[in-house]
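Novice: Contents of protein.txt (compact mmCIF, C-alpha atoms) are given next:
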```
# COMPACT_ATOMS: atom_id res chain seq x y z
CA MET A 1 46.80 53.85 -16.60
CA ASN A 2 48.89 54.85 -13.62
CA ASN A 3 49.80 58.46 -12.85
CA ARG A 4 53.47 58.02 -13.73
CA LEU A 5 52.69 56.65 -17.19
CA ALA A 6 50.14 59.41 -17.80
CA LEU A 7 52.71 62.04 -16.81
CA GLN A 8 55.32 60.51 -19.14
CA GLN A 9 52.86 60.57 -22.05
CA PHE A 10 51.89 64.17 -21.28
CA ASN A 11 55.56 65.22 -21.18
CA LYS A 12 56.25 63.46 -24.47
CA ALA A 13 53.26 65.14 -26.14
CA TYR A 14 54.38 68.52 -24.76
CA GLU A 15 57.93 68.00 -26.06
CA ASN A 16 56.57 67.06 -29.50
CA ASP A 17 54.35 70.17 -29.57
CA ALA A 18 57.24 72.40 -28.48
CA LEU A 19 59.47 70.89 -31.16
CA GLU A 20 56.80 71.40 -33.80
CA VAL A 21 56.49 75.08 -32.88
CA ALA A 22 60.28 75.48 -32.97
CA VAL A 23 60.54 73.84 -36.39
CA TYR A 24 57.78 75.96 -37.95
CA GLY A 25 59.34 79.14 -36.63
CA ALA A 26 62.93 78.31 -37.52
CA SER A 27 65.02 79.73 -40.33
CA PRO A 28 66.87 77.27 -42.59
CA VAL A 29 69.98 77.67 -40.43
CA GLY A 30 67.80 77.39 -37.32
CA LEU A 31 66.62 74.02 -38.59
CA ILE A 32 70.24 72.91 -38.88
CA VAL A 33 70.76 73.97 -35.26
CA LEU A 34 67.72 71.91 -34.22
CA LEU A 35 69.06 68.91 -36.14
CA TYR A 36 72.49 69.15 -34.52
CA GLU A 37 70.86 69.41 -31.11
CA GLY A 38 68.64 66.43 -31.90
CA ALA A 39 71.59 64.31 -33.00
CA ILE A 40 73.58 65.18 -29.88
CA LYS A 41 70.57 64.46 -27.66
CA SER A 42 70.07 61.08 -29.36
CA LEU A 43 73.72 60.18 -28.78
CA VAL A 44 73.53 61.14 -25.11
CA GLN A 45 70.46 58.94 -24.77
CA ALA A 46 72.23 56.09 -26.60
CA LYS A 47 75.00 56.18 -23.99
CA VAL A 48 72.43 55.98 -21.20
CA PHE A 49 70.82 52.97 -22.86
CA ILE A 50 74.20 51.24 -23.23
CA SER A 51 74.83 51.70 -19.51
CA GLN A 52 71.43 50.15 -18.82
CA ASN A 53 71.96 47.24 -21.25
CA ARG A 54 68.94 48.43 -23.25
CA PHE A 55 70.44 47.66 -26.61
CA GLN A 56 67.33 47.91 -28.76
CA GLU A 57 66.71 51.46 -27.54
CA LYS A 58 70.41 52.27 -27.97
CA ALA A 59 70.25 51.12 -31.57
CA ALA A 60 67.18 53.29 -32.19
CA MET A 61 68.93 56.38 -30.82
CA ILE A 62 72.07 55.78 -32.87
CA SER A 63 69.93 55.17 -35.94
CA ARG A 64 68.11 58.45 -35.29
CA ALA A 65 71.45 60.30 -35.11
CA GLN A 66 72.58 58.64 -38.34
CA ASP A 67 69.32 59.65 -40.04
CA ILE A 68 69.82 63.23 -38.90
CA LEU A 69 73.37 63.21 -40.25
CA GLU A 70 72.11 61.89 -43.57
CA GLY A 71 69.49 64.64 -43.68
CA LEU A 72 72.18 67.22 -43.04
CA ARG A 73 74.35 65.67 -45.74
CA VAL A 74 71.70 65.71 -48.46
CA SER A 75 70.72 69.29 -47.62
CA LEU A 76 74.18 70.63 -48.38
CA ASP A 77 74.30 73.10 -51.26
CA HIS A 78 77.58 72.42 -53.06
CA SER A 79 77.05 75.39 -55.38
CA LYS A 80 77.75 77.73 -52.44
CA GLY A 81 80.70 77.40 -50.11
CA LYS A 82 82.03 74.37 -52.01
CA ASP A 83 85.05 73.69 -49.78
CA ILE A 84 83.01 73.93 -46.59
CA SER A 85 80.14 71.85 -47.95
CA VAL A 86 82.51 69.12 -49.15
CA ASN A 87 84.21 69.06 -45.74
CA LEU A 88 80.85 68.87 -43.97
CA GLU A 89 79.74 66.07 -46.27
CA ASP A 90 82.90 64.11 -45.46
CA LEU A 91 82.35 64.75 -41.74
CA TYR A 92 78.74 63.55 -41.91
CA GLU A 93 79.73 60.40 -43.82
CA TYR A 94 82.56 59.69 -41.38
CA SER A 95 80.25 60.26 -38.42
CA LYS A 96 77.59 57.92 -39.79
CA TYR A 97 80.21 55.21 -40.37
CA ARG A 98 81.69 55.61 -36.88
CA LEU A 99 78.25 55.46 -35.31
CA GLY A 100 77.64 52.19 -37.16
CA VAL A 101 80.78 50.81 -35.51
CA ALA A 102 79.68 52.19 -32.15
CA ASN A 103 76.30 50.53 -32.56
CA LEU A 104 77.84 47.15 -33.32
CA ASN A 105 80.29 47.29 -30.44
CA ASN A 106 78.36 49.36 -27.86
CA ASP A 107 81.34 51.72 -27.97
CA VAL A 108 80.72 54.76 -25.80
CA GLN A 109 84.06 56.32 -26.78
CA ILE A 110 83.00 56.53 -30.43
CA ILE A 111 79.67 58.05 -29.41
CA ASP A 112 81.60 60.62 -27.36
CA GLU A 113 83.84 61.32 -30.37
CA ILE A 114 80.91 62.07 -32.68
CA SER A 115 79.04 64.04 -30.00
CA SER A 116 82.18 66.11 -29.52
CA LEU A 117 82.53 66.78 -33.26
CA LEU A 118 78.92 67.91 -33.49
CA GLY A 119 79.32 69.92 -30.30
CA ILE A 120 82.28 71.78 -31.81
CA LEU A 121 80.28 72.77 -34.90
CA LEU A 122 77.00 73.57 -33.13
CA PRO A 123 78.06 77.00 -31.77
CA ALA A 124 79.07 78.11 -35.27
CA TRP A 125 75.61 77.22 -36.59
CA GLN A 126 74.01 78.93 -33.60
CA GLU A 127 75.99 82.07 -34.34
CA LEU A 128 74.93 81.99 -37.99
CA ASP A 129 71.33 81.62 -36.89
CA ARG A 130 71.60 84.72 -34.69
CA ARG A 131 72.68 86.87 -37.66
CA PRO A 132 69.96 88.95 -39.26
CA GLN A 133 68.32 87.47 -42.38
CA GLY A 134 70.11 88.66 -45.48
CA ALA A 135 73.48 88.83 -43.71
CA GLY A 136 74.68 85.77 -45.56
CA SER A 137 73.35 83.20 -43.13
CA ALA A 138 70.80 81.54 -45.40
CA ASP A 139 69.62 81.48 -48.96
CA SER A 140 66.02 82.56 -48.55
CA GLN A 141 65.02 81.54 -52.07
CA SER A 142 66.26 77.96 -51.99
CA GLY A 143 65.74 77.41 -48.26
CA LYS A 144 69.19 75.85 -47.98
CA ALA A 145 71.96 77.01 -45.74
CA ARG A 146 74.84 78.61 -47.58
CA VAL A 147 77.54 76.04 -46.91
```
Mind turning this structure into structure tokens?
Specialist:
Amino acid sequence: MNNRLALQQFNKAYENDALEVAVYGASPVGLIVLLYEGAIKSLVQAKVFISQNRFQEKAAMISRAQDILEGLRVSLDHSKGKDISVNLEDLYEYSKYRLGVANLNNDVQIIDEISSLLGILLPAWQELDRRPQGAGSADSQSGKARV
């Protein structure tokens, strides 16, 4: 194994360990923040792969973002914040559909559109995560964000 490959594998293992620590220490809203960041990162990587004509890797990154969006969708608690949760569900469904189109057509503009939408919402989730527990940011009994 050459040094470059060994370094890449070390960095990947380190990133996985760091992510695992972040996930275990995160609040329910903090997990949503991590998921948004993961989706955005996957979409950025998908654009890089399109520019490099690496379409299999691009498809994997878009699929990862779609999976994250589906996870966010199914975690919504419609019994709390019904209007917001319905709007978020519609946004997640729309985003997944648009990413499917982007995947088929290697459309960077659609990827930018969805990245932008997620990037607009991310600071709101980050702000909720900074609030003290019990300040309405998360339902500690159900483990679901109050949206």
Novice: So the first atom is CA of Gly38 (chain A) and the second is CA of Ser63 (chain A); what is the distance between them in Å, to one decimal place?
Specialist: 12.0 Å
Novice: From the set A:Gly100, A:Pro123, A:Pro28, A:Pro132, which residue has the shortest atom-to-atom contact distance to Ala65 (chain A), counting only C-alpha atoms?
Specialist: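 Under the stated criterion, the closest residue is A:Gly100.
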Novice: Could you work out how far CA of Asp112 (chain A) lies from CA of Asn87 (chain A), giving the answer in Å with one decimal?
Specialist: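 Going from CA of Asn87 (chain A) over to CA of Asp112 (chain A), I get 20.4 Å.
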Novice: Would you mind listing what lies within 9 Å of Val44 (chain A) as JSON, numbers by chain, with only C-alpha atoms counted and same-chain residues fewer than 4 positions away left out?
Specialist: {"A": [39, 40, 48, 49, 61, 111, 112, 115]}
Novice: Here's a test: counting all atoms listed in the file, identify every protein, DNA and RNA residue with an atom at most 10 Å from (79.9, 65.0, -33.2) in the file's coordinate frame, and state them as a list of chain:residue names.
Specialist: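 The residues near that point, listed by chain and number, are A:Tyr36, A:Ala39, A:Ile40, A:Leu43, A:Ala65, A:Leu69, A:Leu91, A:Tyr92, A:Ser95, A:Lys96, A:Leu99, A:Ile110, A:Ile111, A:Asp112, A:Glu113, A:Ile114, A:Ser115, A:Ser116, A:Leu117, A:Leu118, A:Gly119, A:Ile120, A:Leu121, A:Leu122.
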Novice: When you draw a straight line from CA of Ile68 (chain A) to CA of Gln52 (chain A), how long is it in Å?
Specialist: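 Going from CA of Ile68 (chain A) over to CA of Gln52 (chain A) covers 24.0 Å.
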Novice: Which residue is closest to Arg98 (chain A)? Choose from A:Gln45, A:Gln66, A:Gln133, A:Ser75 and count all atoms listed in the file.
Specialist: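 Between A:Gln45, A:Gln66, A:Gln133, A:Ser75, the residue approaching Arg98 (chain A) most closely is A:Gln66.
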